[in-house]
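Colleague: Structure: work31.pdb, PDB, C-alpha atoms.
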ATOM      1  CA  MET Y   1       0.000   0.000   0.000  1.00  0.00           C
ATOM      2  CA  PRO Y   2       1.780   3.159  -1.140  1.00  0.00           C
ATOM      3  CA  ILE Y   3       1.084   6.077   1.178  1.00  0.00           C
ATOM      4  CA  VAL Y   4       1.778   9.615  -0.053  1.00  0.00           C
ATOM      5  CA  ARG Y   5       1.692  12.498   2.417  1.00  0.00           C
ATOM      6  CA  ILE Y   6       2.018  16.020   1.064  1.00  0.00           C
ATOM      7  CA  GLU Y   7       2.626  18.750   3.625  1.00  0.00           C
ATOM      8  CA  THR Y   8       2.382  22.154   2.008  1.00  0.00           C
ATOM      9  CA  SER Y   9       2.425  25.851   2.835  1.00  0.00           C
ATOM     10  CA  VAL Y  10       0.012  26.555  -0.040  1.00  0.00           C
ATOM     11  CA  ASP Y  11      -3.336  28.033   0.972  1.00  0.00           C
ATOM     12  CA  PRO Y  12      -5.957  25.233   0.952  1.00  0.00           C
ATOM     13  CA  THR Y  13      -8.184  27.217  -1.422  1.00  0.00           C
ATOM     14  CA  ARG Y  14      -5.418  27.111  -4.086  1.00  0.00           C
ATOM     15  CA  ILE Y  15      -5.046  23.310  -4.023  1.00  0.00           C
ATOM     16  CA  SER Y  16      -6.633  21.556  -6.983  1.00  0.00           C
ATOM     17  CA  PRO Y  17      -9.393  19.125  -5.943  1.00  0.00           C
ATOM     18  CA  THR Y  18      -7.972  16.702  -8.517  1.00  0.00           C
ATOM     19  CA  LEU Y  19      -4.440  16.677  -7.083  1.00  0.00           C
ATOM     20  CA  ALA Y  20      -4.827  13.381  -5.188  1.00  0.00           C
ATOM     21  CA  PRO Y  21      -6.554  11.425  -8.001  1.00  0.00           C
ATOM     22  CA  ASP Y  22      -4.173  12.890 -10.600  1.00  0.00           C
ATOM     23  CA  LEU Y  23      -1.193  11.883  -8.479  1.00  0.00           C
ATOM     24  CA  ILE Y  24      -2.529   8.353  -7.981  1.00  0.00           C
ATOM     25  CA  ALA Y  25      -3.164   7.990 -11.729  1.00  0.00           C
ATOM     26  CA  ILE Y  26       0.353   9.067 -12.698  1.00  0.00           C
ATOM     27  CA  LEU Y  27       1.944   6.898 -10.013  1.00  0.00           C
ATOM     28  CA  CYS Y  28      -0.052   3.850 -11.103  1.00  0.00           C
ATOM     29  CA  SER Y  29       1.053   4.372 -14.692  1.00  0.00           C
ATOM     30  CA  SER Y  30       4.718   4.643 -13.697  1.00  0.00           C
ATOM     31  CA  LYS Y  31       7.046   1.768 -14.471  1.00  0.00           C
ATOM     32  CA  ALA Y  32       8.097   1.605 -10.809  1.00  0.00           C
ATOM     33  CA  MET Y  33       4.620   1.100  -9.370  1.00  0.00           C
ATOM     34  CA  SER Y  34       3.128  -0.957 -12.190  1.00  0.00           C
ATOM     35  CA  THR Y  35       6.076  -3.377 -12.055  1.00  0.00           C
ATOM     36  CA  ALA Y  36       5.489  -3.729  -8.297  1.00  0.00           C
ATOM     37  CA  GLY Y  37       1.807  -4.529  -8.956  1.00  0.00           C
ATOM     38  CA  LYS Y  38       0.423  -1.404  -7.263  1.00  0.00           C
ATOM     39  CA  ARG Y  39      -3.190  -0.644  -8.220  1.00  0.00           C
ATOM     40  CA  VAL Y  40      -5.269   2.514  -7.868  1.00  0.00           C
ATOM     41  CA  GLU Y  41      -7.141   1.058  -4.901  1.00  0.00           C
ATOM     42  CA  ASP Y  42      -3.834   0.366  -3.105  1.00  0.00           C
ATOM     43  CA  PHE Y  43      -2.914   4.062  -2.736  1.00  0.00           C
ATOM     44  CA  ALA Y  44      -3.570   6.478   0.119  1.00  0.00           C
ATOM     45  CA  VAL Y  45      -2.906  10.208  -0.328  1.00  0.00           C
ATOM     46  CA  SER Y  46      -3.027  12.837   2.390  1.00  0.00           C
ATOM     47  CA  ILE Y  47      -2.654  16.561   1.774  1.00  0.00           C
ATOM     48  CA  VAL Y  48      -1.944  18.632   4.875  1.00  0.00           C
ATOM     49  CA  THR Y  49      -1.641  22.401   4.885  1.00  0.00           C
ATOM     50  CA  THR Y  50       0.363  24.506   7.297  1.00  0.00           C
ATOM     51  CA  PRO Y  51       1.640  28.069   6.900  1.00  0.00           C
ATOM     52  CA  ASN Y  52       4.757  27.277   8.925  1.00  0.00           C
ATOM     53  CA  ILE Y  53       7.078  25.578   6.455  1.00  0.00           C
ATOM     54  CA  TYR Y  54      10.477  27.116   5.830  1.00  0.00           C
ATOM     55  CA  LEU Y  55      12.433  25.690   2.903  1.00  0.00           C
ATOM     56  CA  ARG Y  56      15.761  27.120   1.796  1.00  0.00           C
ATOM     57  CA  CYS Y  57      15.328  30.104   4.150  1.00  0.00           C
ATOM     58  CA  SER Y  58      12.049  31.070   2.531  1.00  0.00           C
ATOM     59  CA  ARG Y  59       8.340  30.896   3.268  1.00  0.00           C
ATOM     60  CA  ALA Y  60       7.490  30.825  -0.464  1.00  0.00           C
ATOM     61  CA  PRO Y  61       4.965  28.118  -1.436  1.00  0.00           C
ATOM     62  CA  CYS Y  62       6.490  24.670  -1.115  1.00  0.00           C
ATOM     63  CA  ALA Y  63       5.735  21.038  -0.323  1.00  0.00           C
ATOM     64  CA  LEU Y  64       7.409  18.299   1.679  1.00  0.00           C
ATOM     65  CA  VAL Y  65       6.335  14.905   0.384  1.00  0.00           C
ATOM     66  CA  ASP Y  66       6.739  11.485   1.991  1.00  0.00           C
ATOM     67  CA  VAL Y  67       6.219   8.350  -0.076  1.00  0.00           C
ATOM     68  CA  THR Y  68       6.049   5.109   1.887  1.00  0.00           C
ATOM     69  CA  SER Y  69       5.636   1.807   0.090  1.00  0.00           C
ATOM     70  CA  ILE Y  70       6.096  -1.917   0.495  1.00  0.00           C
ATOM     71  CA  GLY Y  71       8.184  -2.418  -2.648  1.00  0.00           C
ATOM     72  CA  GLY Y  72       8.191  -0.335  -5.804  1.00  0.00           C
ATOM     73  CA  LEU Y  73      10.936   1.984  -4.532  1.00  0.00           C
ATOM     74  CA  GLY Y  74      14.677   2.018  -5.191  1.00  0.00           C
ATOM     75  CA  VAL Y  75      17.372   4.119  -6.849  1.00  0.00           C
ATOM     76  CA  GLN Y  76      15.991   4.116 -10.416  1.00  0.00           C
ATOM     77  CA  GLU Y  77      12.373   3.955  -9.269  1.00  0.00           C
ATOM     78  CA  ASN Y  78      12.742   7.006  -7.034  1.00  0.00           C
ATOM     79  CA  GLU Y  79      14.368   8.970  -9.881  1.00  0.00           C
ATOM     80  CA  GLU Y  80      11.363   8.207 -12.122  1.00  0.00           C
ATOM     81  CA  LEU Y  81       8.813   8.895  -9.394  1.00  0.00           C
ATOM     82  CA  SER Y  82      10.425  12.207  -8.366  1.00  0.00           C
ATOM     83  CA  LYS Y  83      10.189  13.607 -11.878  1.00  0.00           C
ATOM     84  CA  ILE Y  84       6.591  12.592 -12.524  1.00  0.00           C
ATOM     85  CA  MET Y  85       5.387  13.585  -9.070  1.00  0.00           C
ATOM     86  CA  VAL Y  86       6.791  17.123  -9.378  1.00  0.00           C
ATOM     87  CA  GLU Y  87       5.042  17.442 -12.764  1.00  0.00           C
ATOM     88  CA  VAL Y  88       1.689  16.752 -11.041  1.00  0.00           C
ATOM     89  CA  ILE Y  89       2.261  18.367  -7.646  1.00  0.00           C
ATOM     90  CA  CYS Y  90       3.420  21.774  -8.943  1.00  0.00           C
ATOM     91  CA  PRO Y  91       0.267  22.560 -10.947  1.00  0.00           C
ATOM     92  CA  GLY Y  92      -1.925  20.861  -8.329  1.00  0.00           C
ATOM     93  CA  LEU Y  93      -0.626  23.279  -5.703  1.00  0.00           C
ATOM     94  CA  GLY Y  94      -0.402  26.268  -8.024  1.00  0.00           C
ATOM     95  CA  ILE Y  95       3.395  26.360  -7.798  1.00  0.00           C
ATOM     96  CA  ASP Y  96       5.118  27.675 -10.928  1.00  0.00           C
ATOM     97  CA  ALA Y  97       7.271  24.725 -12.039  1.00  0.00           C
ATOM     98  CA  ALA Y  98       9.447  26.963 -14.215  1.00  0.00           C
ATOM     99  CA  VAL Y  99      10.420  29.056 -11.202  1.00  0.00           C
ATOM    100  CA  ASP Y 100       9.833  26.999  -8.067  1.00  0.00           C
ATOM    101  CA  ARG Y 101      10.158  23.288  -9.000  1.00  0.00           C
ATOM    102  CA  ASN Y 102      12.929  22.972  -6.388  1.00  0.00           C
ATOM    103  CA  ARG Y 103      10.391  23.921  -3.701  1.00  0.00           C
ATOM    104  CA  ILE Y 104       9.099  20.327  -3.742  1.00  0.00           C
ATOM    105  CA  ILE Y 105      11.142  17.900  -1.629  1.00  0.00           C
ATOM    106  CA  ILE Y 106      10.302  14.181  -1.755  1.00  0.00           C
ATOM    107  CA  CYS Y 107      11.444  11.557   0.759  1.00  0.00           C
ATOM    108  CA  PHE Y 108      11.059   7.863  -0.086  1.00  0.00           C
ATOM    109  CA  HIS Y 109      10.598   5.131   2.505  1.00  0.00           C
ATOM    110  CA  ASP Y 110      10.743   1.510   1.313  1.00  0.00           C
ATOM    111  CA  VAL Y 111       9.321  -0.482   4.225  1.00  0.00           C
ATOM    112  CA  GLY Y 112       8.647  -4.110   5.003  1.00  0.00           C
ATOM    113  CA  PRO Y 113       5.091  -5.469   5.130  1.00  0.00           C
ATOM    114  CA  HIS Y 114       5.350  -5.781   8.928  1.00  0.00           C
ATOM    115  CA  GLU Y 115       5.763  -1.994   9.181  1.00  0.00           C
ATOM    116  CA  ILE Y 116       2.300  -0.996   7.887  1.00  0.00           C
ATOM    117  CA  GLY Y 117      -0.810  -2.024   9.776  1.00  0.00           C
ATOM    118  CA  HIS Y 118      -4.546  -2.109   9.144  1.00  0.00           C
ATOM    119  CA  ALA Y 119      -7.641  -3.488  10.884  1.00  0.00           C
ATOM    120  CA  GLU Y 120      -6.540  -7.123  10.510  1.00  0.00           C
ATOM    121  CA  GLY Y 121      -2.966  -6.625  11.752  1.00  0.00           C
ATOM    122  CA  THR Y 122      -0.108  -5.849   9.381  1.00  0.00           C
ATOM    123  CA  PHE Y 123       0.415  -6.370   5.663  1.00  0.00           C
ATOM    124  CA  HIS Y 124       2.812  -9.176   6.564  1.00  0.00           C
ATOM    125  CA  LYS Y 125      -0.249 -11.440   6.719  1.00  0.00           C
ATOM    126  CA  VAL Y 126      -1.481 -10.186   3.355  1.00  0.00           C
ATOM    127  CA  VAL Y 127       1.736 -10.407   1.319  1.00  0.00           C
ATOM    128  CA  GLY Y 128       3.269 -13.256   3.311  1.00  0.00           C
ATOM    129  CA  ASN Y 129       6.807 -11.849   3.650  1.00  0.00           C
TER     130      ASN Y 129
END
Output the file's structure in the form of C-alpha cells.
Modeller:
Amino acid sequence: MPIVRIETSVDPTRISPTLAPDLIAILCSSKAMSTAGKRVEDFAVSIVTTPNIYLRCSRAPCALVDVTSIGGLGVQENEELSKIMVEVICPGLGIDAAVDRNRIIICFHDVGPHEIGHAEGTFHKVVGN
C-alpha cells in the first residue's frame, strides 16, 4: 500500500481538488509502481496544509512529500517517481514549475510489510513476507 503524504504551505483554497486522483493515476502508470503490482485502490494520499514551512530560508509556497511503500521503490524507481510527481504536484498546488520546482522535496521510505498495519494486523499477513 503506497502512502503519499504532502505537507504544504500553499493556501488550501489554491489546491486543486484533482491533485490526489491525478497523483494516484500518474503513479499507477509509472514503471516503478506498475512493475510492483500497485493498483489505484492500493494508494492512500493525504494533503496537509500549514503556513509554517520554511524551505531554503524562505516561506514561499512549497511542499514536503513522503512516499512510503512496500516495494516499488529504489534508486531508479525514485528517480522516475520524483520527476513525474513534481510534474503533477506543482500545478496541483499552483506552484510555478518553471520558477519553483525545487520547492518540492520528496522523501522515499521503502518499508517491510510488517511496518504498515490495518484493521486485521499488518500487511505481513497479506503479502506473506
Colleague: Please compute the atom CA of Met1 of chain Y-atom CA of Ser82 of chain Y distance, one decimal, in Å.
Modeller: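 A separation of 18.1 Å between them.
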Colleague: Could you tell me which of Y:Arg14, Y:Lys83, Y:His124, Y:Lys31 comes closest to Thr49 of chain Y if we count all atoms listed in the file?
Modeller: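 When distances to Thr49 of chain Y are compared using all atoms listed in the file, the smallest one comes from Y:Arg14.
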Colleague: Which residue, Y:Ile116, Y:Val10, Y:Cys107, Y:Leu19, has the smallest gap to Asn52 of chain Y when you use all atoms listed in the file?
Modeller: Y:Val10
Colleague: When you count all atoms listed in the file, which of these residues is closest to Cys90 of chain Y: Y:Arg103, Y:Arg56, Y:Lys38, Y:His118?
Modeller: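 Comparing Y:Arg103, Y:Arg56, Y:Lys38, Y:His118 against Cys90 of chain Y, the winner is Y:Arg103.
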Colleague: Evaluate the PyMOL selection byres ((chain Y and resi 85) around 10) here and jot the selected residues down as a tab-separated table (two decimals) with C-alpha atoms, in the coordinates of the input.
Modeller:
chain	number	residue	atom	x	y	z
Y	22	ASP	CA	-4.17	12.89	-10.60
Y	23	LEU	CA	-1.19	11.88	-8.48
Y	24	ILE	CA	-2.53	8.35	-7.98
Y	26	ILE	CA	0.35	9.07	-12.70
Y	27	LEU	CA	1.94	6.90	-10.01
Y	65	VAL	CA	6.34	14.90	0.38
Y	80	GLU	CA	11.36	8.21	-12.12
Y	81	LEU	CA	8.81	8.90	-9.39
Y	82	SER	CA	10.42	12.21	-8.37
Y	83	LYS	CA	10.19	13.61	-11.88
Y	84	ILE	CA	6.59	12.59	-12.52
Y	86	VAL	CA	6.79	17.12	-9.38
Y	87	GLU	CA	5.04	17.44	-12.76
Y	88	VAL	CA	1.69	16.75	-11.04
Y	89	ILE	CA	2.26	18.37	-7.65
Y	90	CYS	CA	3.42	21.77	-8.94
Y	104	ILE	CA	9.10	20.33	-3.74
Y	106	ILE	CA	10.30	14.18	-1.76
Colleague: Might you pull out every residue within 8 Å of segment 3-5 of chain Y, with all atoms listed in the file counted and same-chain residues fewer than 6 positions away left off, and present them as a list in words?
Modeller: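 Selected residues are Phe43, Ala44, Val45, Ser46, Ile47, Val48, Val65, Asp66, Val67, Thr68 and Ser69 of chain Y.
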Colleague: Would you please work out which residue, of Y:Thr8, Y:Phe108, Y:Gly92, Y:Ala63, is nearest to Val75 of chain Y when using all atoms listed in the file?
Modeller: Y:Phe108
Colleague: With distances taken over all atoms listed in the file, which residue among Y:Cys62, Y:Pro2, Y:Glu41, Y:Thr35 lies nearest Pro91 of chain Y?
Modeller: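 The closest residue to Pro91 of chain Y is Y:Cys62.
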Colleague: What would segment 101-112 of chain Y look like with all heavy atoms in place, written as a short mmCIF file (atom, residue, chain, number, x, y, z; two decimals), in the coordinates of the input?
Modeller:
data_model
loop_
_atom_site.label_atom_id
_atom_site.label_comp_id
_atom_site.auth_asym_id
_atom_site.auth_seq_id
_atom_site.Cartn_x
_atom_site.Cartn_y
_atom_site.Cartn_z
N ARG Y 101 10.21 24.75 -9.04
CA ARG Y 101 10.16 23.29 -9.00
C ARG Y 101 11.07 22.69 -7.91
O ARG Y 101 10.85 21.59 -7.46
CB ARG Y 101 10.42 22.68 -10.37
CG ARG Y 101 11.82 22.82 -10.88
CD ARG Y 101 12.01 22.25 -12.29
NE ARG Y 101 11.65 20.85 -12.38
CZ ARG Y 101 10.62 20.39 -13.10
NH1 ARG Y 101 9.88 21.21 -13.80
NH2 ARG Y 101 10.37 19.11 -13.14
N ASN Y 102 12.07 23.45 -7.46
CA ASN Y 102 12.93 22.97 -6.39
C ASN Y 102 12.35 23.27 -5.00
O ASN Y 102 13.03 23.11 -4.00
CB ASN Y 102 14.34 23.56 -6.53
CG ASN Y 102 15.06 22.96 -7.71
OD1 ASN Y 102 14.88 21.78 -8.02
ND2 ASN Y 102 15.86 23.75 -8.39
N ARG Y 103 11.09 23.69 -4.97
CA ARG Y 103 10.39 23.92 -3.70
C ARG Y 103 9.56 22.70 -3.32
O ARG Y 103 8.77 22.74 -2.40
CB ARG Y 103 9.50 25.17 -3.78
CG ARG Y 103 10.20 26.41 -4.26
CD ARG Y 103 10.79 27.33 -3.25
NE ARG Y 103 10.00 27.54 -2.08
CZ ARG Y 103 10.55 27.66 -0.86
NH1 ARG Y 103 11.85 27.56 -0.70
NH2 ARG Y 103 9.79 27.87 0.18
N ILE Y 104 9.76 21.59 -4.05
CA ILE Y 104 9.10 20.33 -3.74
C ILE Y 104 10.21 19.35 -3.34
O ILE Y 104 11.11 19.07 -4.13
CB ILE Y 104 8.36 19.75 -4.98
CG1 ILE Y 104 7.45 20.79 -5.63
CG2 ILE Y 104 7.62 18.46 -4.60
CD1 ILE Y 104 6.24 21.18 -4.84
N ILE Y 105 10.16 18.86 -2.13
CA ILE Y 105 11.14 17.90 -1.63
C ILE Y 105 10.42 16.58 -1.35
O ILE Y 105 9.39 16.57 -0.67
CB ILE Y 105 11.82 18.41 -0.33
CG1 ILE Y 105 12.51 19.77 -0.56
CG2 ILE Y 105 12.80 17.37 0.21
CD1 ILE Y 105 13.65 19.75 -1.55
N ILE Y 106 10.95 15.49 -1.88
CA ILE Y 106 10.30 14.18 -1.76
C ILE Y 106 11.24 13.22 -1.02
O ILE Y 106 12.40 13.06 -1.40
CB ILE Y 106 9.94 13.61 -3.14
CG1 ILE Y 106 9.09 14.62 -3.92
CG2 ILE Y 106 9.23 12.27 -3.00
CD1 ILE Y 106 8.88 14.26 -5.38
N CYS Y 107 10.71 12.58 0.01
CA CYS Y 107 11.44 11.56 0.76
C CYS Y 107 10.77 10.21 0.51
O CYS Y 107 9.55 10.10 0.62
CB CYS Y 107 11.43 11.85 2.25
SG CYS Y 107 12.28 13.37 2.69
N PHE Y 108 11.57 9.20 0.20
CA PHE Y 108 11.06 7.86 -0.09
C PHE Y 108 11.40 6.92 1.06
O PHE Y 108 12.52 6.94 1.58
CB PHE Y 108 11.66 7.33 -1.39
CG PHE Y 108 11.24 8.13 -2.59
CD1 PHE Y 108 12.05 9.15 -3.08
CD2 PHE Y 108 10.05 7.86 -3.24
CE1 PHE Y 108 11.67 9.89 -4.19
CE2 PHE Y 108 9.66 8.60 -4.34
CZ PHE Y 108 10.47 9.61 -4.82
N HIS Y 109 10.42 6.09 1.42
CA HIS Y 109 10.60 5.13 2.50
C HIS Y 109 10.12 3.76 2.01
O HIS Y 109 8.92 3.53 1.86
CB HIS Y 109 9.79 5.55 3.74
CG HIS Y 109 9.98 6.98 4.12
ND1 HIS Y 109 11.06 7.42 4.85
CD2 HIS Y 109 9.24 8.08 3.86
CE1 HIS Y 109 10.97 8.73 5.03
NE2 HIS Y 109 9.87 9.15 4.43
N ASP Y 110 11.07 2.88 1.73
CA ASP Y 110 10.74 1.51 1.31
C ASP Y 110 10.68 0.67 2.59
O ASP Y 110 11.69 0.50 3.27
CB ASP Y 110 11.82 0.99 0.37
CG ASP Y 110 11.44 -0.31 -0.30
OD1 ASP Y 110 10.26 -0.73 -0.19
OD2 ASP Y 110 12.31 -0.92 -0.95
N VAL Y 111 9.50 0.21 2.95
CA VAL Y 111 9.32 -0.48 4.22
C VAL Y 111 8.91 -1.94 4.01
O VAL Y 111 8.45 -2.31 2.93
CB VAL Y 111 8.28 0.23 5.11
CG1 VAL Y 111 8.72 1.65 5.43
CG2 VAL Y 111 6.91 0.23 4.47
N GLY Y 112 9.07 -2.72 5.04
CA GLY Y 112 8.65 -4.11 5.00
C GLY Y 112 7.16 -4.21 5.31
O GLY Y 112 6.57 -3.31 5.91
#
